[in-house]
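What's in run-v5.cif: mmCIF, C-alpha atoms
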data_input
loop_
_atom_site.label_atom_id
_atom_site.label_comp_id
_atom_site.auth_asym_id
_atom_site.auth_seq_id
_atom_site.Cartn_x
_atom_site.Cartn_y
_atom_site.Cartn_z
CA MET A 1403 22.22 86.09 73.01
CA HIS A 1404 25.30 87.93 74.25
CA LEU A 1405 27.52 86.29 76.85
CA VAL A 1406 30.29 88.20 78.64
CA SER A 1407 32.72 87.24 81.38
CA ASN A 1408 32.31 88.42 84.97
CA ARG A 1409 35.64 90.26 84.69
CA VAL A 1410 34.43 92.26 81.70
CA ARG A 1411 31.14 93.07 83.41
CA HIS A 1412 32.87 94.40 86.52
CA GLN A 1413 35.37 96.54 84.61
CA VAL A 1414 32.91 98.46 82.43
CA THR A 1415 33.65 102.12 81.75
CA HIS A 1416 30.56 104.17 82.63
CA ARG A 1417 29.28 106.99 80.45
CA THR A 1418 27.07 109.96 81.14
CA ALA A 1419 23.51 109.98 79.84
CA PRO A 1420 22.93 111.90 76.59
CA SER A 1421 21.41 115.37 76.63
CA ALA A 1422 17.62 115.72 76.32
CA ALA A 1423 17.80 117.13 72.79
CA HIS A 1424 20.15 114.44 71.57
CA ARG A 1425 18.14 111.68 73.20
CA THR A 1426 14.97 112.92 71.55
CA ALA A 1427 16.70 112.92 68.19
CA HIS A 1428 17.68 109.26 68.68
CA ARG A 1429 14.22 108.08 69.72
CA THR A 1430 12.82 105.71 67.10
CA ALA A 1431 9.40 104.16 66.60
CA HIS A 1432 11.00 100.80 65.80
CA PRO A 1433 13.97 100.13 68.08
CA THR A 1434 16.89 98.41 66.41
CA GLY A 1435 19.09 98.09 69.48
CA PRO A 1436 19.42 95.25 71.98
CA ARG A 1437 16.39 93.56 73.51
CA VAL A 1438 16.13 94.14 77.26
CA LEU A 1439 13.71 92.51 79.69
CA VAL A 1440 13.25 94.41 82.97
CA VAL A 1441 11.47 92.61 85.82
CA SER A 1442 10.18 94.61 88.78
CA ALA A 1443 7.46 94.01 91.39
CA GLY A 1444 4.65 96.30 92.48
CA VAL A 1445 5.54 96.26 96.18
CA GLY A 1446 5.68 99.90 97.27
CA ALA A 1447 6.75 102.21 94.45
CA GLY A 1448 10.57 102.23 94.49
CA HIS A 1449 11.18 99.03 92.53
CA ASP A 1450 8.78 100.07 89.77
CA ALA A 1451 10.22 103.60 89.69
CA ALA A 1452 13.74 102.29 89.14
CA ALA A 1453 12.51 99.91 86.43
CA ALA A 1454 10.60 102.67 84.66
CA GLU A 1455 13.57 105.06 84.69
CA LEU A 1456 15.93 102.38 83.39
CA ALA A 1457 13.49 101.47 80.65
CA ALA A 1458 13.12 105.13 79.63
CA ARG A 1459 16.88 105.61 79.36
CA LEU A 1460 17.38 102.40 77.40
CA ARG A 1461 14.58 103.22 74.96
CA LEU A 1462 16.11 106.64 74.33
CA ALA A 1463 19.30 104.80 73.45
CA GLY A 1464 17.43 102.68 70.89
CA ALA A 1465 16.88 99.49 72.90
CA ALA A 1466 13.71 97.43 72.70
CA VAL A 1467 12.60 97.21 76.33
CA HIS A 1468 9.87 95.12 77.93
CA VAL A 1469 8.98 95.75 81.59
CA GLN A 1470 7.14 93.09 83.58
CA ASP A 1471 5.74 92.91 87.13
CA LEU A 1472 6.78 89.73 88.92
CA LEU A 1473 3.54 89.78 90.93
CA THR A 1474 1.60 88.95 87.75
CA ALA A 1475 3.66 85.76 87.40
CA LEU A 1476 2.66 84.53 90.87
CA PRO A 1477 -0.47 82.45 91.60
CA GLY A 1478 -3.36 84.57 92.90
CA PRO A 1479 -3.14 83.83 96.65
CA LEU A 1480 0.65 84.18 96.70
CA ARG A 1481 0.42 87.39 94.68
CA ARG A 1482 -1.82 88.92 97.33
CA VAL A 1483 0.49 87.89 100.16
CA VAL A 1484 3.62 89.27 98.51
CA GLY A 1485 2.00 92.39 97.11
CA ASP A 1486 -0.48 93.42 99.78
CA ALA A 1487 0.93 92.25 103.11
CA TYR A 1488 3.97 94.54 103.24
CA GLY A 1489 2.33 97.79 104.33
CA PRO A 1490 -0.10 96.36 106.92
CA CYS A 1491 2.65 94.19 108.40
CA VAL A 1492 5.02 97.14 108.88
CA ASN A 1493 2.36 99.40 110.42
CA ARG A 1494 0.40 96.88 112.49
CA ALA A 1495 2.96 94.24 113.40
CA PRO A 1496 6.42 95.87 113.22
CA ALA A 1497 8.04 93.26 115.48
CA ALA A 1498 6.77 90.47 113.23
CA PHE A 1499 8.06 92.26 110.14
CA ASP A 1500 11.46 92.71 111.75
CA LEU A 1501 11.54 88.99 112.59
CA LEU A 1502 10.56 88.16 109.01
CA VAL A 1503 13.41 90.19 107.51
CA ARG A 1504 15.96 88.75 109.94
CA SER A 1505 14.68 85.22 109.36
CA LEU A 1506 15.23 85.53 105.62
CA GLU A 1507 18.95 85.87 106.34
CA ARG A 1508 19.26 82.28 107.53
CA ASP A 1509 18.10 78.90 106.31
CA GLY A 1510 14.75 77.97 107.78
CA LEU A 1511 11.02 77.90 107.20
CA LEU A 1512 10.68 81.49 105.97
CA ARG A 1513 13.71 81.21 103.74
CA ARG A 1514 12.25 78.06 102.18
CA ALA A 1515 8.91 79.84 101.72
CA ALA A 1516 10.66 82.65 99.86
CA ARG A 1517 12.41 80.11 97.64
CA ARG A 1518 9.08 78.44 96.85
CA SER A 1519 7.65 81.84 95.92
CA ALA A 1520 10.52 82.38 93.49
CA THR A 1521 9.90 78.93 92.02
CA ALA A 1522 6.18 79.61 91.65
CA ALA A 1523 6.97 82.57 89.39
CA ARG A 1524 9.08 80.49 86.99
CA PRO A 1525 6.39 79.63 84.38
CA GLY A 1526 5.36 83.25 83.96
CA VAL A 1527 8.94 84.52 83.83
CA LEU A 1528 9.88 81.85 81.30
CA GLY A 1529 6.96 83.01 79.17
CA TRP A 1530 8.36 86.55 79.19
CA VAL A 1531 11.82 85.28 78.28
CA CYS A 1532 10.54 83.17 75.40
CA GLY A 1533 8.31 85.98 74.18
CA THR A 1534 11.00 88.68 74.14
CA ALA A 1535 14.23 86.69 73.48
CA PRO A 1536 16.20 89.24 75.52
CA ASP A 1537 19.88 89.99 75.09
CA VAL A 1538 20.02 90.95 78.78
CA VAL A 1539 17.62 90.76 81.72
CA VAL A 1540 17.55 93.26 84.62
CA SER A 1541 15.79 92.73 87.95
CA THR A 1542 14.87 95.56 90.31
CA HIS A 1543 13.28 93.34 92.99
CA PRO A 1544 14.95 90.64 95.14
CA LEU A 1545 12.32 87.96 94.52
CA ALA A 1546 12.66 88.48 90.78
CA SER A 1547 16.42 88.14 91.15
CA GLN A 1548 15.97 84.77 92.84
CA THR A 1549 13.71 83.48 90.05
CA LEU A 1550 15.98 84.75 87.29
CA GLY A 1551 19.11 83.54 89.09
CA ASP A 1552 17.68 80.04 89.32
CA LEU A 1553 16.87 80.01 85.61
CA ARG A 1554 20.37 81.30 84.83
CA ALA A 1555 22.00 78.66 87.05
CA GLU A 1556 20.13 75.88 85.27
CA GLY A 1557 21.09 77.16 81.83
CA VAL A 1558 17.46 77.72 80.89
CA LEU A 1559 18.12 81.46 80.63
CA ARG A 1560 21.24 82.13 78.56
CA ALA A 1561 21.08 85.92 78.51
CA PRO A 1562 23.10 87.75 81.20
CA VAL A 1563 21.07 88.62 84.30
CA LEU A 1564 21.74 91.83 86.24
CA THR A 1565 20.28 92.78 89.61
CA TYR A 1566 19.82 96.47 90.39
CA LEU A 1567 19.60 96.94 94.16
CA THR A 1568 17.23 99.74 95.17
CA ASP A 1569 18.10 99.57 98.90
CA PRO A 1570 21.20 101.01 100.61
CA ALA A 1571 21.60 97.80 102.63
CA VAL A 1572 22.02 94.39 101.03
CA HIS A 1573 20.07 91.46 102.41
CA ARG A 1574 20.34 87.84 101.41
CA THR A 1575 17.39 87.76 99.02
CA TRP A 1576 19.07 90.41 96.86
CA VAL A 1577 22.03 88.10 96.21
CA HIS A 1578 22.18 85.12 93.84
CA GLU A 1579 25.45 83.48 92.79
CA ALA A 1580 24.25 82.85 89.23
CA VAL A 1581 23.35 86.50 88.61
CA ASP A 1582 26.03 87.98 86.37
CA ALA A 1583 26.32 91.37 88.12
CA HIS A 1584 24.84 93.03 91.18
CA LEU A 1585 24.50 96.78 90.57
CA THR A 1586 24.27 99.33 93.38
CA VAL A 1587 23.46 103.02 93.66
CA THR A 1588 26.43 103.88 95.90
CA GLY A 1589 29.81 102.58 96.94
CA ALA A 1590 28.45 102.19 100.48
CA THR A 1591 26.00 99.54 99.31
CA ALA A 1592 28.66 97.80 97.22
CA ARG A 1593 31.00 97.59 100.22
CA HIS A 1594 28.21 96.34 102.45
CA GLY A 1595 27.29 93.54 100.05
CA GLU A 1596 30.87 92.49 99.42
CA GLN A 1597 31.78 92.46 103.12
CA ARG A 1598 28.64 90.65 104.25
CA TYR A 1599 28.19 88.08 101.48
CA GLY A 1600 31.51 88.03 99.62
CA GLN A 1601 29.59 88.89 96.46
CA PRO A 1602 31.22 91.32 93.99
CA MET A 1603 29.11 94.43 93.52
CA THR A 1604 29.33 97.17 90.91
CA VAL A 1605 28.54 100.82 91.58
CA ALA A 1606 26.19 101.64 88.69
CA GLY A 1607 24.64 104.88 89.96
CA PRO A 1608 21.11 106.15 90.64
CA LEU A 1609 17.99 105.58 88.57
CA VAL A 1610 15.89 108.71 89.06
CA PRO A 1611 14.62 111.23 86.50
CA ALA A 1612 17.15 113.83 85.37
CA ARG A 1613 15.06 116.68 86.76
CA PHE A 1614 16.23 115.81 90.29
CA ALA A 1615 19.72 116.90 89.25
CA GLN A 1616 18.57 120.20 87.75
CA PRO A 1617 18.34 123.42 89.79
CA VAL A 1618 14.81 124.78 90.22
CA PRO A 1619 14.33 128.42 89.08
CA ALA A 1620 14.07 130.79 92.03
CA ASP A 1621 10.68 132.17 90.97
CA ARG A 1622 9.16 128.70 90.75
CA ALA A 1623 10.58 127.76 94.14
CA ALA A 1624 9.17 130.97 95.63
CA ARG A 1625 5.70 130.24 94.25
CA LEU A 1626 5.82 126.73 95.69
CA ARG A 1627 6.89 127.99 99.11
CA ALA A 1628 4.04 130.49 99.11
CA GLY A 1629 1.56 127.85 98.02
CA LEU A 1630 2.62 125.59 100.87
CA GLY A 1631 2.47 128.41 103.39
CA LEU A 1632 6.22 128.36 104.07
CA THR A 1633 6.64 131.98 105.03
CA ASP A 1634 9.11 132.06 107.94
CA ALA A 1635 12.82 131.34 108.20
CA SER A 1636 12.47 128.02 110.04
CA PRO A 1637 14.22 125.02 108.45
CA VAL A 1638 11.95 123.00 106.18
CA ALA A 1639 12.10 119.23 106.65
CA LEU A 1640 10.66 117.13 103.84
CA VAL A 1641 9.40 114.01 105.61
CA VAL A 1642 8.98 110.85 103.53
CA ALA A 1643 7.70 107.42 104.49
CA GLY A 1644 7.44 105.64 101.17
CA SER A 1645 4.47 105.45 98.84
CA LEU A 1646 2.43 103.72 101.56
CA GLY A 1647 3.17 106.22 104.32
CA LEU A 1648 4.74 103.68 106.69
CA GLY A 1649 6.14 103.98 110.21
CA ASP A 1650 5.77 106.29 113.19
CA VAL A 1651 5.54 109.47 111.16
CA ALA A 1652 3.40 111.29 113.75
CA THR A 1653 6.15 111.13 116.37
CA THR A 1654 8.75 112.24 113.85
CA VAL A 1655 6.59 115.26 113.02
CA THR A 1656 6.29 116.10 116.73
CA ASP A 1657 10.05 115.80 117.16
CA LEU A 1658 10.62 118.17 114.25
CA ILE A 1659 8.22 120.78 115.59
CA VAL A 1660 9.88 120.62 119.01
CA GLY A 1661 13.20 121.26 117.28
CA GLY A 1662 11.86 124.34 115.46
CA ALA A 1663 11.53 122.85 111.97
CA VAL A 1664 8.52 122.97 109.64
CA PRO A 1665 7.51 119.42 108.59
CA VAL A 1666 6.32 119.01 105.01
CA VAL A 1667 5.11 115.42 104.96
CA LEU A 1668 4.71 113.29 101.86
CA CYS A 1669 2.08 110.73 102.87
CA GLY A 1670 2.07 108.91 99.55
CA ARG A 1671 -1.14 106.97 99.01
CA ASN A 1672 -1.97 106.88 102.72
CA GLU A 1673 -4.89 109.32 102.70
CA ALA A 1674 -5.91 108.54 106.27
CA ARG A 1675 -2.47 109.54 107.50
CA ARG A 1676 -2.50 112.69 105.43
CA ALA A 1677 -5.83 113.74 106.92
CA ARG A 1678 -4.62 113.14 110.49
CA LEU A 1679 -1.38 115.07 110.02
CA ALA A 1680 -3.09 117.93 108.19
CA ALA A 1681 -5.03 118.61 111.40
CA VAL A 1682 -1.81 119.20 113.35
CA PRO A 1683 -0.88 122.91 113.60
CA GLY A 1684 2.35 123.75 111.82
CA VAL A 1685 2.35 120.65 109.60
CA VAL A 1686 2.04 120.66 105.80
CA ALA A 1687 0.65 117.23 104.90
CA LEU A 1688 0.63 116.25 101.24
CA GLY A 1689 -0.66 113.25 99.33
CA TRP A 1690 0.83 111.76 96.19
CA ARG A 1691 2.87 114.42 94.36
CA ASP A 1692 4.50 114.66 90.96
CA ASP A 1693 6.61 117.73 91.83
CA VAL A 1694 9.00 116.06 94.28
CA PRO A 1695 12.09 117.65 92.63
CA ASP A 1696 10.58 121.08 93.36
CA LEU A 1697 9.70 120.06 96.91
CA MET A 1698 13.29 118.97 97.45
CA ALA A 1699 14.44 122.32 96.12
CA VAL A 1700 12.50 124.26 98.77
CA ALA A 1701 13.41 121.87 101.61
CA ASP A 1702 16.52 122.12 103.75
CA VAL A 1703 16.71 118.44 104.65
CA LEU A 1704 15.07 115.09 103.88
CA VAL A 1705 13.91 113.14 106.93
CA HIS A 1706 13.19 109.52 106.04
CA ASN A 1707 12.49 106.22 107.77
CA ALA A 1708 13.08 103.57 105.13
CA GLY A 1709 16.02 104.48 102.90
CA GLY A 1710 14.29 103.77 99.61
CA MET A 1711 13.88 105.69 96.38
CA SER A 1712 13.43 109.05 98.13
CA CYS A 1713 16.98 108.78 99.47
CA THR A 1714 18.29 108.15 95.98
CA GLU A 1715 16.38 111.19 94.72
CA ALA A 1716 17.81 113.32 97.53
CA LEU A 1717 21.31 112.06 96.75
CA VAL A 1718 20.95 113.22 93.15
CA ALA A 1719 19.36 116.53 94.21
CA GLY A 1720 22.15 117.20 96.70
CA LEU A 1721 19.63 117.43 99.56
CA PRO A 1722 21.08 116.46 102.98
CA MET A 1723 19.39 113.46 104.61
CA VAL A 1724 18.61 112.36 108.16
CA THR A 1725 17.22 108.98 109.24
CA HIS A 1726 14.78 109.15 112.14
CA ARG A 1727 12.66 106.37 113.65
CA PRO A 1728 13.34 103.92 110.79
CA ILE A 1729 10.82 101.19 110.14
CA PRO A 1730 11.86 97.69 111.25
CA GLY A 1731 13.73 95.24 109.09
CA HIS A 1732 15.24 96.78 106.01
CA GLY A 1733 14.57 100.33 107.26
CA ARG A 1734 16.95 99.90 110.18
CA ALA A 1735 19.46 98.04 108.03
CA ASN A 1736 19.40 100.88 105.50
CA ALA A 1737 19.80 103.42 108.30
CA ALA A 1738 22.93 101.66 109.54
CA VAL A 1739 24.56 101.60 106.09
CA LEU A 1740 23.74 105.25 105.38
CA SER A 1741 25.02 106.34 108.79
CA ALA A 1742 28.26 104.34 108.56
CA ALA A 1743 28.97 105.86 105.13
CA GLY A 1744 28.32 109.41 106.32
CA LEU A 1745 25.41 109.79 103.91
CA ALA A 1746 22.70 110.32 106.54
CA PRO A 1747 23.00 110.51 110.33
CA TRP A 1748 20.69 108.20 112.28
CA THR A 1749 18.99 110.14 115.07
CA THR A 1750 17.06 108.58 117.94
CA THR A 1751 15.77 111.54 119.97
CA ALA A 1752 14.06 114.85 119.26
CA ARG A 1753 17.19 116.68 120.41
CA GLU A 1754 19.44 114.71 118.06
CA LEU A 1755 17.01 115.26 115.21
CA GLY A 1756 16.87 119.00 115.86
CA ALA A 1757 20.66 119.26 115.85
CA ALA A 1758 20.93 117.20 112.66
CA VAL A 1759 18.29 119.32 110.88
CA ALA A 1760 20.03 122.55 111.92
CA SER A 1761 23.35 121.21 110.67
CA ALA A 1762 21.82 120.10 107.36
CA ALA A 1763 20.11 123.45 106.85
CA ALA A 1764 23.48 125.18 107.11
CA GLN A 1765 25.04 123.02 104.38
CA PRO A 1766 25.24 124.17 100.76
CA ARG A 1767 23.76 121.95 98.07
CA ARG A 1768 26.35 119.61 96.60
CA ARG A 1769 25.28 117.91 93.41
CA GLN A 1770 27.71 115.27 92.23
CA HIS A 1771 28.25 113.41 89.00
CA HIS A 1772 26.94 109.85 89.05
CA PRO A 1773 27.43 106.96 86.61
CA ASP A 1774 24.49 105.84 84.48
CA PRO A 1775 23.16 102.30 85.06
CA ALA A 1776 21.76 102.27 81.52
CA ALA A 1777 25.30 102.58 80.19
CA PHE A 1778 26.33 99.51 82.16
CA VAL A 1779 23.40 97.48 80.83
CA LEU A 1780 24.20 98.45 77.26
CA ASP A 1781 27.89 97.71 77.72
CA VAL A 1782 27.04 94.19 78.81
CA VAL A 1783 25.57 93.48 75.38
CA GLY A 1784 28.15 95.50 73.48
CA ALA A 1785 25.83 98.44 72.74
CA ARG A 1786 26.56 102.07 73.51
CA VAL A 1787 24.69 105.05 74.86
CA PRO A 1788 24.66 107.73 72.13
CA ALA A 1789 27.32 110.39 72.64
CA ALA A 1790 26.12 113.57 74.35
CA ALA A 1791 25.34 116.45 72.05
#
Is it possible to express this structure as structure tokens?
Amino acid sequence: MHLVSNRVRHQVTHRTAPSAAHRTAHRTAHPTGPRVLVVSAGVGAGHDAAAAELAARLRLAGAAVHVQDLLTALPGPLRRVVGDAYGPCVNRAPAAFDLLVRSLERDGLLRRAARRSATAARPGVLGWVCGTAPDVVVSTHPLASQTLGDLRAEGVLRAPVLTYLTDPAVHRTWVHEAVDAHLTVTGATARHGEQRYGQPMTVAGPLVPARFAQPVPADRAARLRAGLGLTDASPVALVVAGSLGLGDVATTVTDLIVGGAVPVVLCGRNEARRARLAAVPGVVALGWRDDVPDLMAVADVLVHNAGGMSCTEALVAGLPMVTHRPIPGHGRANAAVLSAAGLAPWTTTARELGAAVASAAAQPRRRQHHPDPAAFVLDVVGARVPAAA
């Protein structure tokens, strides 16, 4: 097992990911690189998406990667509560969900319940550790970070543990003192975590597929626009509400139409919501899609309410963002961090939203270079991402 100091981990030099051709040339059937255990949780889709992208990049670099879902390490009843209660709670009892998130910030009954959940996952997580003998472990979910941090603190887990935060805002369950490094997508998140909890954070960059950073050919974009019925010059707002289609999306759509924008709504797996919105004149309502990079290419702005993986994708694509009617709890916390950093204005009225959309539509696309989290993970164990071709 590789052990490195905190100073070394927080002073790593980041590298760019290798080109597609070079990465393909380095793919091997029998990895000889470091062993990496990635622990996610199937709550929504963002945590799993980040874990899958990290695993893909590490495997292309020759690492042996095992990805596990923390929910499978929980006892049956607890697994259902953690995995299935999130969406219904946000949509049907938003005030209760907001109270839950705020309560997790302080010591009390809910905080102790979360700690017991992390403890309940220990046997399963230990089984994964013993079965893979990892050189480094990466968590993309806060509950997994608590379980792994506890094991690290007790010396049971000797491999370095890294937490990759998928949210713009840091809340207490993301942070564990025994975790070796807390990795963030942006500097805004790193500053938020350091200021609020005094915990050092490292800007590691986004974990989304490379196609979000690549321009879409004009002919393909034109075909997509025609297929969606986007024929006029009105601004196109890509509306996202997570894989579960959470929040007051209907009011957001109304606000956009009032402001003269065309809403293209990604309803995720919420088919009932898609059907309702599809009946509204002027709305393009879509279900689960695999061509989100293309959709972002034909949109003028991303309108979101949670600040999850879609915001990271938009950041990489250079698509301007606006937060409108964020969901309670972490949605509002994310909105505050994004607004304070100038990454996405937080609008509260139809007039504000209309002005923000018009401003975003007038902006040119600005794609920026971002560090590669896979490079950080490999640096921790002394490995290297192959040089770009």
Using all atoms listed in the file, pick whichever of A:Gly1607, A:Gly1631, A:Pro1570, A:Gly1644 has the shortest atom-to-atom distance to His1772 of chain A.
A:Gly1607
Would you mind listing what lies within 8 Å of Val1641 of chain A as a list in words, with all atoms listed in the file counted and same-chain residues fewer than 4 positions away left out?
Pro1665, Val1666, Val1667, Leu1668, Leu1704, Val1705 and His1706 of chain A
So the first atom is atom CA of Gly1731 of chain A and the second is atom CA of Ala1757 of chain A; what is the distance between them in Å, to one decimal place?
25.9 Å
Using only C-alpha atoms, what table do you get, as a Markdown table, when you list each residue of segment 1576-1598 of chain A with an atom no more than 12 Å from segment 1538-1543 of chain A, its nearest pair of atoms, and their distance in Å rounded to one decimal, rows by chain then rising number?
| residue | atom | partner | partner_atom | distance |
| --- | --- | --- | --- | --- |
| A:Trp1576 | CA | A:His1543 | CA | 7.6 |
| A:Val1577 | CA | A:His1543 | CA | 10.7 |
| A:His1578 | CA | A:Ser1541 | CA | 11.6 |
| A:Val1581 | CA | A:Val1540 | CA | 9.8 |
| A:Asp1582 | CA | A:Val1539 | CA | 10.0 |
| A:Ala1583 | CA | A:Val1540 | CA | 9.6 |
| A:His1584 | CA | A:Ser1541 | CA | 9.6 |
| A:Leu1585 | CA | A:Thr1542 | CA | 9.7 |
| A:Thr1586 | CA | A:Thr1542 | CA | 10.6 |
| A:Val1587 | CA | A:Thr1542 | CA | 11.9 |
Selection file, C-alpha atoms, as an mmCIF file, keeping the file's coordinate frame:
data_model
loop_
_atom_site.group_PDB
_atom_site.id
_atom_site.type_symbol
_atom_site.label_atom_id
_atom_site.label_comp_id
_atom_site.auth_asym_id
_atom_site.auth_seq_id
_atom_site.Cartn_x
_atom_site.Cartn_y
_atom_site.Cartn_z
ATOM 1 C CA TRP A 1576 19.070 90.410 96.860
ATOM 2 C CA VAL A 1577 22.030 88.100 96.210
ATOM 3 C CA HIS A 1578 22.180 85.120 93.840
ATOM 4 C CA VAL A 1581 23.350 86.500 88.610
ATOM 5 C CA ASP A 1582 26.030 87.980 86.370
ATOM 6 C CA ALA A 1583 26.320 91.370 88.120
ATOM 7 C CA HIS A 1584 24.840 93.030 91.180
ATOM 8 C CA LEU A 1585 24.500 96.780 90.570
ATOM 9 C CA THR A 1586 24.270 99.330 93.380
ATOM 10 C CA VAL A 1587 23.460 103.020 93.660
#
List as a compact mmCIF listing (two decimals) with C-alpha atoms, keeping the file's coordinate frame the protein and nucleic acid residues near Leu1439 of chain A, meaning an atom at most 6 Å away when all atoms listed in the file are counted, but skip any in the same chain fewer than 6 places from it.
# COMPACT_ATOMS: atom_id res chain seq x y z
CA VAL A 1467 12.60 97.21 76.33
CA HIS A 1468 9.87 95.12 77.93
CA PRO A 1536 16.20 89.24 75.52
CA VAL A 1539 17.62 90.76 81.72
Pick from A:Ala1522, A:Ala1716, A:Ala1643, A:Ala1475, whichever lies nearest to Arg1676 of chain A using all atoms listed in the file:
A:Ala1643
Evaluate the PyMOL selection byres ((chain A and resi 1721) around 8) against this structure - the residues, as a list in words, please.
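Output of the PyMOL selection byres ((chain A and resi 1721) around 8): Met1698, Ala1699, Ala1701, Asp1702, Val1703, Leu1704, Ala1716, Leu1717, Val1718, Ala1719, Gly1720, Pro1722, Met1723, Arg1767 and Arg1768 of chain A.
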Apply the PyMOL selection byres ((chain A and resi 1642) around 12) to the displayed file and report the matching residues as a CSV table (one decimal) with C-alpha atoms, in the frame of the given file.
chain,number,residue,atom,x,y,z
A,1639,ALA,CA,12.1,119.2,106.6
A,1640,LEU,CA,10.7,117.1,103.8
A,1641,VAL,CA,9.4,114.0,105.6
A,1643,ALA,CA,7.7,107.4,104.5
A,1644,GLY,CA,7.4,105.6,101.2
A,1645,SER,CA,4.5,105.4,98.8
A,1646,LEU,CA,2.4,103.7,101.6
A,1647,GLY,CA,3.2,106.2,104.3
A,1648,LEU,CA,4.7,103.7,106.7
A,1649,GLY,CA,6.1,104.0,110.2
A,1650,ASP,CA,5.8,106.3,113.2
A,1651,VAL,CA,5.5,109.5,111.2
A,1652,ALA,CA,3.4,111.3,113.8
A,1654,THR,CA,8.8,112.2,113.8
A,1655,VAL,CA,6.6,115.3,113.0
A,1665,PRO,CA,7.5,119.4,108.6
A,1666,VAL,CA,6.3,119.0,105.0
A,1667,VAL,CA,5.1,115.4,105.0
A,1668,LEU,CA,4.7,113.3,101.9
A,1669,CYS,CA,2.1,110.7,102.9
A,1670,GLY,CA,2.1,108.9,99.6
A,1671,ARG,CA,-1.1,107.0,99.0
A,1672,ASN,CA,-2.0,106.9,102.7
A,1676,ARG,CA,-2.5,112.7,105.4
A,1687,ALA,CA,0.6,117.2,104.9
A,1688,LEU,CA,0.6,116.2,101.2
A,1689,GLY,CA,-0.7,113.2,99.3
A,1690,TRP,CA,0.8,111.8,96.2
A,1691,ARG,CA,2.9,114.4,94.4
A,1694,VAL,CA,9.0,116.1,94.3
A,1697,LEU,CA,9.7,120.1,96.9
A,1698,MET,CA,13.3,119.0,97.4
A,1703,VAL,CA,16.7,118.4,104.6
A,1704,LEU,CA,15.1,115.1,103.9
A,1705,VAL,CA,13.9,113.1,106.9
A,1706,HIS,CA,13.2,109.5,106.0
A,1707,ASN,CA,12.5,106.2,107.8
A,1708,ALA,CA,13.1,103.6,105.1
A,1709,GLY,CA,16.0,104.5,102.9
A,1710,GLY,CA,14.3,103.8,99.6
A,1711,MET,CA,13.9,105.7,96.4
A,1712,SER,CA,13.4,109.0,98.1
A,1713,CYS,CA,17.0,108.8,99.5
A,1715,GLU,CA,16.4,111.2,94.7
A,1716,ALA,CA,17.8,113.3,97.5
A,1723,MET,CA,19.4,113.5,104.6
A,1724,VAL,CA,18.6,112.4,108.2
A,1725,THR,CA,17.2,109.0,109.2
A,1726,HIS,CA,14.8,109.2,112.1
A,1727,ARG,CA,12.7,106.4,113.6
A,1728,PRO,CA,13.3,103.9,110.8
A,1729,ILE,CA,10.8,101.2,110.1
